[in-house]
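See structure below.
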Amino acid sequence: MTRARFSPFLALLMVLALTAMLSPALVHGQAVKQAPSKVSFGQVVERCGIAGSYTIGRVFAPRGETSRGNDEWLAPDGTVITTNSRRIIAEIRISNPGVFTQRYVVNRETTLNDVLQRYGSAQPRRQRSSRPDGRDFVLEYAYEGISFVFGGVPATVSVGRSVGSQFNRPVSAIIVHEKERDPSGRDYSCPMTSKK
Amino acid sequence: MPDGLFEKVVAGVLRALTGLIIGSGSYQLFDGHWFGETIFRAYLQSRTLDILTAPSSTEMYGLFAAQSIPVSLQGATFLMIAGFFFVGLVVLAHVMSKPTIAALAPTFERPRKPAAGAGKTAQAGRGLRTSAERLVQYIQFIYVTYQPLVTLLLFVTLTGLFFGWPFKDGLALVFLIAVVPAALYLLLYPTDLSKGGFLDRFTYVGVLALLVVTLFGWPQLYGTAVFDPDFPIVSAASNLDHCDDAQLLKGPSFVAFEKANEVLLFRVCFDRSGQRKYVDFFGTGSQPLTRLGRAKLSDVIATFVRPVESP
């Protein structure tokens with residue numbers, strides 16, 4: 001009588017054993033999925049103090065940036081980095097068009113009116129490491145860690161009053177800076193480190 | 001019409017039908033717009049995004065479909081690939097040896113079932129060995145006699161493994177070992193449906209159904225679990241998109257697809273509550289673009305903070 005010599009069940013057992021051996025690699029695959037997001041150049045994550053490769057509170061190591069004196073550095077793309085006396089990054093000013101924030105305010109596109117709709121009323125800063133822009137209007141959000149500069153809008157304008165056509169002026173620069181504590185205790189934590 | 005001719009015609013039609021299903025699936029995998037669109041829609045759905053305006057060109061979808069298998073294979077380790085290759089070979093061997101096994105079936109005698117208390121005899125060691133041998137013989141008998149059912153069970157297991165795959169990496173490997181042997185089975189044995197017995201017909205229809213289900217499931221699963229492309233961030237003219245028309249707040253713009261003379265962009269828009277987000281496709285016309293690096297859409301969505309509530 002002819003008998004089947006091979007055993008597919010033995011092969012299946014071997015496969016199961018192999019899968020068990022591979023389990024650390026599979027688990028590693030899942031761990032990679034949960035790793036924090038990478039932030040690209042064009043995206044500002046203000047609550048984490050991140051703008052491209054620069055992070056607020058980190059030591060600044062020049063990589064092609066040129067010094068402008070007074071602890072200011074100019075990157076080739078026009079970004080200005082302000083450091084304190086210990087070379088810690090205190091402010092990042094971005095003028096590039098198209099750069100956007102966590103509430104999707106897009107540089108050179110989003111208007112003053114839209115910024116107010118997305119971020120609400122201003123949160124004036126109590127601490128600052130650089131002198132404020134003299135001529136242009138700056139809308140500050142101290143607890144969010146971000147400010148918006150509106151070129152051509154007089155610095156003396158008060159948002160509380162009617163400013164007419166100034167509401168349609170687009171953001172001309174985004175400044176990322178240290179967050180200040182909100183006395184009301186609202187949460188402004190970094191979404192890339194907080195657990196959801 | 002003579003019986004032989006009728007059977008040949010039926011087998012030919014079945015072979016053509018199976019070939020059509022497999023061919024359509026393969027085409028969709030390598031350049032299929034339907035697969036690509038399903039992948040993209042599943043991806044958006046899993047991240048609570050909708051499409052505001054569909055893209056004018058569907059070449060982007062073809063690209064998503066063509067990249068699906070290679071992208072999914074990128075995360076797989078060598079050991080994982082080797083493991084699945086081995087499993088694939090075992091399944092292929094099972095499929096290809098069907099005629100041999102069918103020929104062997106009548107030569108097998110039904111062995112006695114292994115006794116449960118065989119190990120308690122005086123010669124326990126010998127009894128155990130005999131019991132193990134009987135168990136192997138019994139399994140061999142079941143395997144050979146019910147080979148079509150074993151085949152169906154095997155493909156049900158592989159399909160179940162594919163739909164229940166819990167990891168991001170290796171999905172393409174499970175998909176391939178579920179689909180390739182099934183397609184081969186259907187192409188090799190179309191006469192099972194016209195000439196085979198009940199079990200053969202049942203298995204053939206079952207394998208065909210599993211293949212179709214797996215093929216339809218691939219873009220959905222891949223789009224939800226694996227697909228996560230990064231797009232170039234650009235500064236685009238704000239009068240080209242449709243977000244204003246839909247009274248939505250505008251977000252950043254990205255390049256979706258580009259050729260020498262055509263650039264397709266999309267912008268992320270959202271409603272005033274920030275609950276609903278959309279992607280809006282539009283063309284650039286002759287406007288110049290400023291490029292600002294790349295970003296994963298999922299990262300951009302993950303870091304989004306809703307607008308403050310109106311007082």
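Naming works like this for the structure tokens: A, B, ... for the chains as they're shown, residue 1 at the start of each chain, ligands 1 onward in shown order.
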**Item:** Contacts of range 264-281 of chain B within 10 Å, only C-alpha atoms, excl. fewer than 4 positions in-chain, as a ChimeraX atom specification
**Value:** /A:103-104,117-118 /B:44,47-57,60,231-234,236,238,240-244,246-259,285,297,300-301,304-310
**Request:** Would you mind writing down, as number ranges by chain, each residue of range 55-187 of chain B that DSSP on the backbone assigns to alpha helix (DSSP H)?
**Result:** B: 59-74, 78-96, 98-104, 124-145, 147-163, 171-187
Filtering to C-alpha atoms, could you give me those residues as a CSV table (one decimal), in the first residue's frame?
```csv
chain,number,residue,atom,x,y,z
B,59,GLU,CA,-3.5,59.2,-11.4
B,60,MET,CA,-2.8,59.8,-7.8
B,61,TYR,CA,-5.0,56.9,-6.9
B,62,GLY,CA,-3.2,54.6,-9.3
B,63,LEU,CA,0.1,55.5,-7.6
B,64,PHE,CA,-1.4,54.7,-4.1
B,65,ALA,CA,-2.5,51.3,-5.4
B,66,ALA,CA,0.8,50.5,-7.1
B,67,GLN,CA,2.8,51.4,-4.0
B,68,SER,CA,0.6,49.5,-1.6
B,69,ILE,CA,2.4,46.1,-1.6
B,70,PRO,CA,6.0,47.6,-1.6
B,71,VAL,CA,5.2,50.1,1.1
B,72,SER,CA,3.6,47.4,3.3
B,73,LEU,CA,6.6,45.2,2.8
B,74,GLN,CA,9.1,47.9,3.8
B,78,PHE,CA,14.0,39.5,7.1
B,79,LEU,CA,12.9,36.8,9.6
B,80,MET,CA,9.3,37.8,9.0
B,81,ILE,CA,9.7,37.5,5.2
B,82,ALA,CA,11.5,34.2,5.6
B,83,GLY,CA,8.8,32.9,7.9
B,84,PHE,CA,6.0,33.9,5.5
B,85,PHE,CA,7.9,32.5,2.5
B,86,PHE,CA,8.1,29.2,4.3
B,87,VAL,CA,4.4,29.2,5.1
B,88,GLY,CA,3.7,30.2,1.5
B,89,LEU,CA,5.7,27.2,0.2
B,90,VAL,CA,3.8,24.8,2.5
B,91,VAL,CA,0.5,26.2,1.3
B,92,LEU,CA,1.6,26.0,-2.4
B,93,ALA,CA,2.8,22.5,-1.9
B,94,HIS,CA,-0.6,21.6,-0.4
B,95,VAL,CA,-2.4,23.2,-3.4
B,96,MET,CA,-0.2,21.6,-6.0
B,98,LYS,CA,-4.0,18.0,-4.7
B,99,PRO,CA,-4.2,15.4,-7.5
B,100,THR,CA,-1.6,13.2,-5.8
B,101,ILE,CA,-3.4,13.3,-2.6
B,102,ALA,CA,-6.7,12.6,-4.3
B,103,ALA,CA,-5.1,9.5,-6.0
B,104,LEU,CA,-3.8,8.4,-2.6
B,124,ALA,CA,3.7,2.7,29.3
B,125,GLY,CA,6.6,3.9,27.0
B,126,ARG,CA,5.8,1.5,24.2
B,127,GLY,CA,2.1,2.2,24.6
B,128,LEU,CA,2.6,5.9,24.3
B,129,ARG,CA,4.7,5.5,21.2
B,130,THR,CA,2.1,3.3,19.6
B,131,SER,CA,-0.6,5.8,20.5
B,132,ALA,CA,1.4,8.6,18.9
B,133,GLU,CA,1.9,6.6,15.8
B,134,ARG,CA,-1.8,5.9,15.6
B,135,LEU,CA,-2.5,9.6,16.1
B,136,VAL,CA,-0.2,10.4,13.2
B,137,GLN,CA,-1.9,7.8,11.0
B,138,TYR,CA,-5.3,9.0,11.9
B,139,ILE,CA,-4.3,12.6,11.1
B,140,GLN,CA,-2.9,11.5,7.8
B,141,PHE,CA,-6.1,9.6,7.0
B,142,ILE,CA,-8.2,12.7,7.8
B,143,TYR,CA,-5.9,14.9,5.8
B,144,VAL,CA,-6.0,12.6,2.7
B,145,THR,CA,-9.7,11.7,2.9
B,147,GLN,CA,-8.4,17.1,1.5
B,148,PRO,CA,-10.9,19.6,0.0
B,149,LEU,CA,-12.2,20.5,3.4
B,150,VAL,CA,-8.6,20.8,4.8
B,151,THR,CA,-8.0,23.2,1.8
B,152,LEU,CA,-11.0,25.3,2.6
B,153,LEU,CA,-10.1,25.4,6.3
B,154,LEU,CA,-6.6,26.4,5.4
B,155,PHE,CA,-7.8,29.3,3.3
B,156,VAL,CA,-10.4,30.3,6.0
B,157,THR,CA,-7.5,30.4,8.5
B,158,LEU,CA,-5.3,32.5,6.2
B,159,THR,CA,-8.2,34.9,5.4
B,160,GLY,CA,-9.0,35.2,9.1
B,161,LEU,CA,-5.3,35.9,9.8
B,162,PHE,CA,-5.3,38.6,7.2
B,163,PHE,CA,-8.4,40.3,8.5
B,171,LEU,CA,0.1,42.9,6.3
B,172,ALA,CA,1.2,42.5,2.7
B,173,LEU,CA,2.9,39.1,3.5
B,174,VAL,CA,-0.4,37.8,5.1
B,175,PHE,CA,-2.3,39.1,2.1
B,176,LEU,CA,0.1,37.5,-0.4
B,177,ILE,CA,0.0,34.1,1.2
B,178,ALA,CA,-3.8,34.3,1.4
B,179,VAL,CA,-4.2,35.4,-2.2
B,180,VAL,CA,-1.5,33.7,-4.3
B,181,PRO,CA,-2.2,30.1,-3.4
B,182,ALA,CA,-5.9,30.7,-3.6
B,183,ALA,CA,-5.5,32.1,-7.1
B,184,LEU,CA,-3.3,29.2,-8.1
B,185,TYR,CA,-5.9,26.7,-6.7
B,186,LEU,CA,-8.7,28.3,-8.7
B,187,LEU,CA,-6.6,28.4,-11.9
```
**Message:** Here is a test: counting only C-alpha atoms, which residue of A:Ile56, A:Ala61, A:Ala90, A:Tyr143 is nearest to Ser184 in chain A?
**Reply:**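 Of the candidates, the smallest distance to Ser184 in chain A is held by A:Tyr143.
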**Item:** strand (DSSP E) per DSSP on the backbone: members of range 101-190 of chain A, as a VMD selection string
**Value:** chain A and resid 136 to 141 146 to 154 173 to 177
Kindly save the residues from that selection, with all heavy atoms included, as a compact mmCIF listing (two decimals), in the first residue's frame.
```
# COMPACT_ATOMS: atom_id res chain seq x y z
N ASP A 136 4.93 97.20 13.71
CA ASP A 136 3.84 96.31 13.32
C ASP A 136 3.03 95.81 14.51
O ASP A 136 3.54 95.68 15.63
CB ASP A 136 4.40 95.11 12.55
CG ASP A 136 5.08 95.55 11.26
OD1 ASP A 136 4.60 96.53 10.66
OD2 ASP A 136 6.07 94.91 10.88
N PHE A 137 1.80 95.47 14.22
CA PHE A 137 0.91 94.96 15.26
C PHE A 137 1.24 93.49 15.55
O PHE A 137 1.39 92.69 14.63
CB PHE A 137 -0.55 95.09 14.78
CG PHE A 137 -1.54 94.51 15.73
CD1 PHE A 137 -1.76 95.08 16.97
CD2 PHE A 137 -2.25 93.38 15.38
CE1 PHE A 137 -2.68 94.54 17.85
CE2 PHE A 137 -3.17 92.82 16.26
CZ PHE A 137 -3.37 93.41 17.49
N VAL A 138 1.38 93.15 16.81
CA VAL A 138 1.68 91.77 17.22
C VAL A 138 0.55 91.26 18.12
O VAL A 138 0.24 91.88 19.13
CB VAL A 138 3.03 91.67 17.96
CG1 VAL A 138 3.33 90.22 18.33
CG2 VAL A 138 4.15 92.24 17.11
N LEU A 139 -0.04 90.16 17.71
CA LEU A 139 -1.11 89.54 18.50
C LEU A 139 -0.46 88.42 19.31
O LEU A 139 0.04 87.44 18.74
CB LEU A 139 -2.16 88.98 17.54
CG LEU A 139 -3.52 88.56 18.10
CD1 LEU A 139 -4.16 89.66 18.94
CD2 LEU A 139 -4.45 88.17 16.96
N GLU A 140 -0.45 88.58 20.63
CA GLU A 140 0.30 87.66 21.48
C GLU A 140 -0.60 86.64 22.16
O GLU A 140 -1.69 86.99 22.66
CB GLU A 140 1.07 88.43 22.55
CG GLU A 140 2.16 89.33 21.98
CD GLU A 140 2.89 90.11 23.05
OE1 GLU A 140 2.28 90.42 24.10
OE2 GLU A 140 4.08 90.41 22.84
N TYR A 141 -0.14 85.42 22.21
CA TYR A 141 -0.83 84.34 22.93
C TYR A 141 0.19 83.70 23.87
O TYR A 141 0.85 82.71 23.52
CB TYR A 141 -1.43 83.32 21.96
CG TYR A 141 -2.56 83.93 21.14
CD1 TYR A 141 -2.33 84.46 19.88
CD2 TYR A 141 -3.84 84.03 21.68
CE1 TYR A 141 -3.34 85.06 19.15
CE2 TYR A 141 -4.86 84.62 20.96
CZ TYR A 141 -4.61 85.13 19.70
OH TYR A 141 -5.62 85.74 19.00
N ILE A 146 2.82 81.41 21.36
CA ILE A 146 2.93 81.87 19.97
C ILE A 146 2.42 83.31 19.84
O ILE A 146 1.54 83.73 20.61
CB ILE A 146 2.16 80.92 19.02
CG1 ILE A 146 2.59 81.13 17.58
CG2 ILE A 146 0.64 81.07 19.17
CD1 ILE A 146 2.22 79.98 16.66
N SER A 147 2.99 84.04 18.90
CA SER A 147 2.52 85.40 18.59
C SER A 147 2.49 85.54 17.08
O SER A 147 3.23 84.86 16.36
CB SER A 147 3.46 86.45 19.19
OG SER A 147 3.45 86.37 20.59
N PHE A 148 1.62 86.44 16.61
CA PHE A 148 1.48 86.67 15.17
C PHE A 148 1.75 88.13 14.86
O PHE A 148 1.20 89.03 15.52
CB PHE A 148 0.07 86.28 14.71
CG PHE A 148 -0.26 84.84 14.98
CD1 PHE A 148 -0.97 84.47 16.11
CD2 PHE A 148 0.17 83.83 14.11
CE1 PHE A 148 -1.26 83.16 16.38
CE2 PHE A 148 -0.12 82.51 14.38
CZ PHE A 148 -0.83 82.16 15.51
N VAL A 149 2.58 88.34 13.86
CA VAL A 149 2.93 89.70 13.45
C VAL A 149 2.12 90.05 12.20
O VAL A 149 2.01 89.23 11.29
CB VAL A 149 4.45 89.81 13.14
CG1 VAL A 149 4.82 91.23 12.74
CG2 VAL A 149 5.27 89.35 14.32
N PHE A 150 1.54 91.25 12.19
CA PHE A 150 0.77 91.69 11.02
C PHE A 150 1.47 92.92 10.45
O PHE A 150 1.34 94.02 11.00
CB PHE A 150 -0.68 92.00 11.42
CG PHE A 150 -1.41 90.76 11.86
CD1 PHE A 150 -1.38 90.35 13.18
CD2 PHE A 150 -2.11 89.99 10.95
CE1 PHE A 150 -2.02 89.20 13.59
CE2 PHE A 150 -2.76 88.83 11.35
CZ PHE A 150 -2.71 88.43 12.66
N GLY A 151 2.22 92.71 9.39
CA GLY A 151 2.95 93.80 8.74
C GLY A 151 1.96 94.79 8.14
O GLY A 151 0.99 94.39 7.51
N GLY A 152 2.21 96.04 8.34
CA GLY A 152 1.34 97.07 7.77
C GLY A 152 0.20 97.46 8.66
O GLY A 152 -0.50 98.44 8.38
N VAL A 153 -0.02 96.72 9.74
CA VAL A 153 -1.06 97.10 10.70
C VAL A 153 -0.36 97.86 11.83
O VAL A 153 0.57 97.33 12.43
CB VAL A 153 -1.80 95.87 11.28
CG1 VAL A 153 -2.87 96.28 12.27
CG2 VAL A 153 -2.40 95.04 10.16
N PRO A 154 -0.78 99.10 12.10
CA PRO A 154 -0.08 99.89 13.13
C PRO A 154 -0.08 99.21 14.48
O PRO A 154 -1.09 98.61 14.88
CB PRO A 154 -0.87 101.21 13.17
CG PRO A 154 -1.65 101.25 11.90
CD PRO A 154 -1.89 99.84 11.49
N ALA A 173 4.35 87.21 9.93
CA ALA A 173 5.39 86.39 10.60
C ALA A 173 4.78 85.70 11.81
O ALA A 173 3.82 86.20 12.41
CB ALA A 173 6.56 87.26 11.02
N ILE A 174 5.35 84.55 12.13
CA ILE A 174 4.91 83.79 13.31
C ILE A 174 6.08 83.73 14.28
O ILE A 174 7.21 83.44 13.87
CB ILE A 174 4.49 82.36 12.89
CG1 ILE A 174 3.26 82.40 11.97
CG2 ILE A 174 4.21 81.49 14.12
CD1 ILE A 174 2.93 81.07 11.31
N ILE A 175 5.81 84.04 15.54
CA ILE A 175 6.87 83.98 16.55
C ILE A 175 6.52 82.88 17.56
O ILE A 175 5.44 82.90 18.16
CB ILE A 175 7.04 85.32 17.29
CG1 ILE A 175 7.37 86.44 16.29
CG2 ILE A 175 8.14 85.23 18.35
CD1 ILE A 175 7.35 87.84 16.90
N VAL A 176 7.42 81.93 17.70
CA VAL A 176 7.23 80.87 18.71
C VAL A 176 8.09 81.26 19.91
O VAL A 176 9.25 81.65 19.74
CB VAL A 176 7.67 79.49 18.15
CG1 VAL A 176 7.38 78.39 19.17
CG2 VAL A 176 6.98 79.21 16.84
N HIS A 177 7.53 81.19 21.11
CA HIS A 177 8.28 81.57 22.31
C HIS A 177 7.87 80.69 23.49
O HIS A 177 7.02 79.81 23.33
CB HIS A 177 8.06 83.05 22.63
CG HIS A 177 6.63 83.49 22.56
ND1 HIS A 177 5.70 83.15 23.50
CD2 HIS A 177 5.96 84.23 21.62
CE1 HIS A 177 4.52 83.67 23.18
NE2 HIS A 177 4.65 84.33 22.02
```
Write out as a compact mmCIF listing (two decimals) with N, CA and C atoms, in the first residue's frame which residues come within 7 Å of Leu193 in chain B when counting only C-alpha atoms, dropping same-chain ones fewer than 4 positions away.
```txt
# COMPACT_ATOMS: atom_id res chain seq x y z
N ASP B 200 -15.67 18.94 -3.52
CA ASP B 200 -14.81 19.69 -4.44
C ASP B 200 -15.47 21.00 -4.86
N ARG B 201 -16.75 20.92 -5.19
CA ARG B 201 -17.48 22.13 -5.61
C ARG B 201 -17.57 23.14 -4.46
N TYR B 204 -14.24 24.75 -3.98
CA TYR B 204 -13.90 25.68 -5.06
C TYR B 204 -14.64 27.01 -4.89
```
**Message:** I'd like the neighbourhood of Asn113 in chain A as a list in words, where a residue qualifies if any of its atoms comes within 10 Å (using only C-alpha atoms), though same-chain residues fewer than 2 positions away should be ignored.
**Reply:**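 Selected residues are Thr110, Thr111, Val115, Leu116, Gln117, Arg118, Gly120, Val159, Ser165, Gln166, Phe167, Asn168, Arg169 and Pro170 of chain A.
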Store the residues picked out above in a file with N, CA, C and O atoms, as a PDB file, in the first residue's frame.
```pdb
ATOM      1  N   THR A 110      -3.512  83.493   6.332  1.00  0.00           N
ATOM      2  CA  THR A 110      -4.601  83.648   7.313  1.00  0.00           C
ATOM      3  C   THR A 110      -4.669  85.100   7.793  1.00  0.00           C
ATOM      4  O   THR A 110      -3.643  85.713   8.105  1.00  0.00           O
ATOM      5  N   THR A 111      -5.880  85.626   7.850  1.00  0.00           N
ATOM      6  CA  THR A 111      -6.053  87.037   8.205  1.00  0.00           C
ATOM      7  C   THR A 111      -6.160  87.228   9.716  1.00  0.00           C
ATOM      8  O   THR A 111      -6.373  86.267  10.470  1.00  0.00           O
ATOM      9  N   VAL A 115      -7.325  84.638  12.656  1.00  0.00           N
ATOM     10  CA  VAL A 115      -6.472  84.296  13.810  1.00  0.00           C
ATOM     11  C   VAL A 115      -7.274  84.464  15.105  1.00  0.00           C
ATOM     12  O   VAL A 115      -7.237  83.610  15.987  1.00  0.00           O
ATOM     13  N   LEU A 116      -8.048  85.556  15.156  1.00  0.00           N
ATOM     14  CA  LEU A 116      -8.867  85.802  16.355  1.00  0.00           C
ATOM     15  C   LEU A 116      -9.934  84.727  16.516  1.00  0.00           C
ATOM     16  O   LEU A 116     -10.255  84.318  17.632  1.00  0.00           O
ATOM     17  N   GLN A 117     -10.474  84.266  15.399  1.00  0.00           N
ATOM     18  CA  GLN A 117     -11.495  83.204  15.467  1.00  0.00           C
ATOM     19  C   GLN A 117     -10.899  81.890  15.963  1.00  0.00           C
ATOM     20  O   GLN A 117     -11.558  81.110  16.640  1.00  0.00           O
ATOM     21  N   ARG A 118      -9.648  81.650  15.592  1.00  0.00           N
ATOM     22  CA  ARG A 118      -9.048  80.352  15.942  1.00  0.00           C
ATOM     23  C   ARG A 118      -8.382  80.361  17.326  1.00  0.00           C
ATOM     24  O   ARG A 118      -8.418  79.360  18.032  1.00  0.00           O
ATOM     25  N   GLY A 120      -8.776  83.068  19.657  1.00  0.00           N
ATOM     26  CA  GLY A 120      -9.515  83.844  20.654  1.00  0.00           C
ATOM     27  C   GLY A 120      -8.833  85.162  20.968  1.00  0.00           C
ATOM     28  O   GLY A 120      -7.925  85.602  20.257  1.00  0.00           O
ATOM     29  N   VAL A 159      -7.417  95.640  19.199  1.00  0.00           N
ATOM     30  CA  VAL A 159      -8.291  94.627  18.598  1.00  0.00           C
ATOM     31  C   VAL A 159      -9.707  94.733  19.126  1.00  0.00           C
ATOM     32  O   VAL A 159     -10.676  94.426  18.448  1.00  0.00           O
ATOM     33  N   SER A 165     -10.701  97.541   7.772  1.00  0.00           N
ATOM     34  CA  SER A 165     -10.061  96.668   6.785  1.00  0.00           C
ATOM     35  C   SER A 165      -8.826  95.961   7.335  1.00  0.00           C
ATOM     36  O   SER A 165      -8.323  95.027   6.724  1.00  0.00           O
ATOM     37  N   GLN A 166      -8.339  96.409   8.483  1.00  0.00           N
ATOM     38  CA  GLN A 166      -7.134  95.764   9.048  1.00  0.00           C
ATOM     39  C   GLN A 166      -7.400  94.298   9.382  1.00  0.00           C
ATOM     40  O   GLN A 166      -6.483  93.495   9.433  1.00  0.00           O
ATOM     41  N   PHE A 167      -8.667  93.962   9.603  1.00  0.00           N
ATOM     42  CA  PHE A 167      -9.018  92.575   9.933  1.00  0.00           C
ATOM     43  C   PHE A 167      -8.690  91.611   8.799  1.00  0.00           C
ATOM     44  O   PHE A 167      -8.541  90.424   9.011  1.00  0.00           O
ATOM     45  N   ASN A 168      -8.598  92.138   7.598  1.00  0.00           N
ATOM     46  CA  ASN A 168      -8.315  91.269   6.446  1.00  0.00           C
ATOM     47  C   ASN A 168      -6.824  91.180   6.106  1.00  0.00           C
ATOM     48  O   ASN A 168      -6.460  90.592   5.090  1.00  0.00           O
ATOM     49  N   ARG A 169      -6.001  91.797   6.940  1.00  0.00           N
ATOM     50  CA  ARG A 169      -4.549  91.722   6.705  1.00  0.00           C
ATOM     51  C   ARG A 169      -4.044  90.316   7.077  1.00  0.00           C
ATOM     52  O   ARG A 169      -4.422  89.780   8.119  1.00  0.00           O
ATOM     53  N   PRO A 170      -3.204  89.725   6.251  1.00  0.00           N
ATOM     54  CA  PRO A 170      -2.687  88.392   6.604  1.00  0.00           C
ATOM     55  C   PRO A 170      -1.515  88.451   7.579  1.00  0.00           C
ATOM     56  O   PRO A 170      -0.860  89.484   7.705  1.00  0.00           O
TER      57      PRO A 170
END
```
**Asked** Suppose you want the space between CA of Asp245 in chain B and CA of Glu37 in chain B; what is it in Å?
**Response** 24.4 Å
Test item: residues at most 8 Å from range 76-88 of chain A, only C-alpha atoms, excluding those fewer than 4 positions along its chain, as a tab-separated table (two decimals) with C-alpha atoms, in the first residue's frame:
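Output file result02.tsv follows:
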```tsv
chain	number	residue	atom	x	y	z
A	56	ILE	CA	12.38	76.50	22.54
A	57	GLY	CA	14.45	75.81	25.65
A	58	ARG	CA	17.09	73.75	23.81
A	59	VAL	CA	20.72	74.84	23.46
A	60	PHE	CA	21.27	76.50	20.09
A	64	GLY	CA	24.64	77.60	8.79
A	65	GLU	CA	22.93	80.44	10.69
A	71	ASP	CA	21.92	86.97	20.58
A	72	GLU	CA	20.08	86.85	17.26
A	92	ILE	CA	11.87	81.67	16.79
A	93	ARG	CA	10.52	84.09	14.21
A	94	ILE	CA	9.35	82.54	10.92
A	95	SER	CA	8.51	84.63	7.87
A	96	ASN	CA	8.28	81.83	5.28
A	129	SER	CA	13.41	87.99	25.66
A	130	SER	CA	13.48	90.41	22.74
```
**Request:** Tell me, as a list in words, which residues lie within 7 Å of Gly49 in chain A, counting only C-alpha atoms; anything in the same chain fewer than 2 positions away does not count.
**Result:**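 The filter keeps Val45, Glu46, Arg47, Ala51, Thr55, Ile56, Gly145, Val176, His177 and Glu178 of chain A.
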**Fill in**
CA of Ala75 in chain A sits from CA of Tyr54 in chain A at a separation of 10.8 Å
**Prompt:** Looking at A:Trp73, A:Lys179, A:Gly98, A:Glu91, which one is nearest to Pro124 in chain A, with distances taken over only C-alpha atoms?
**Reply:**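 Smallest separation from Pro124 in chain A among the options: A:Lys179.
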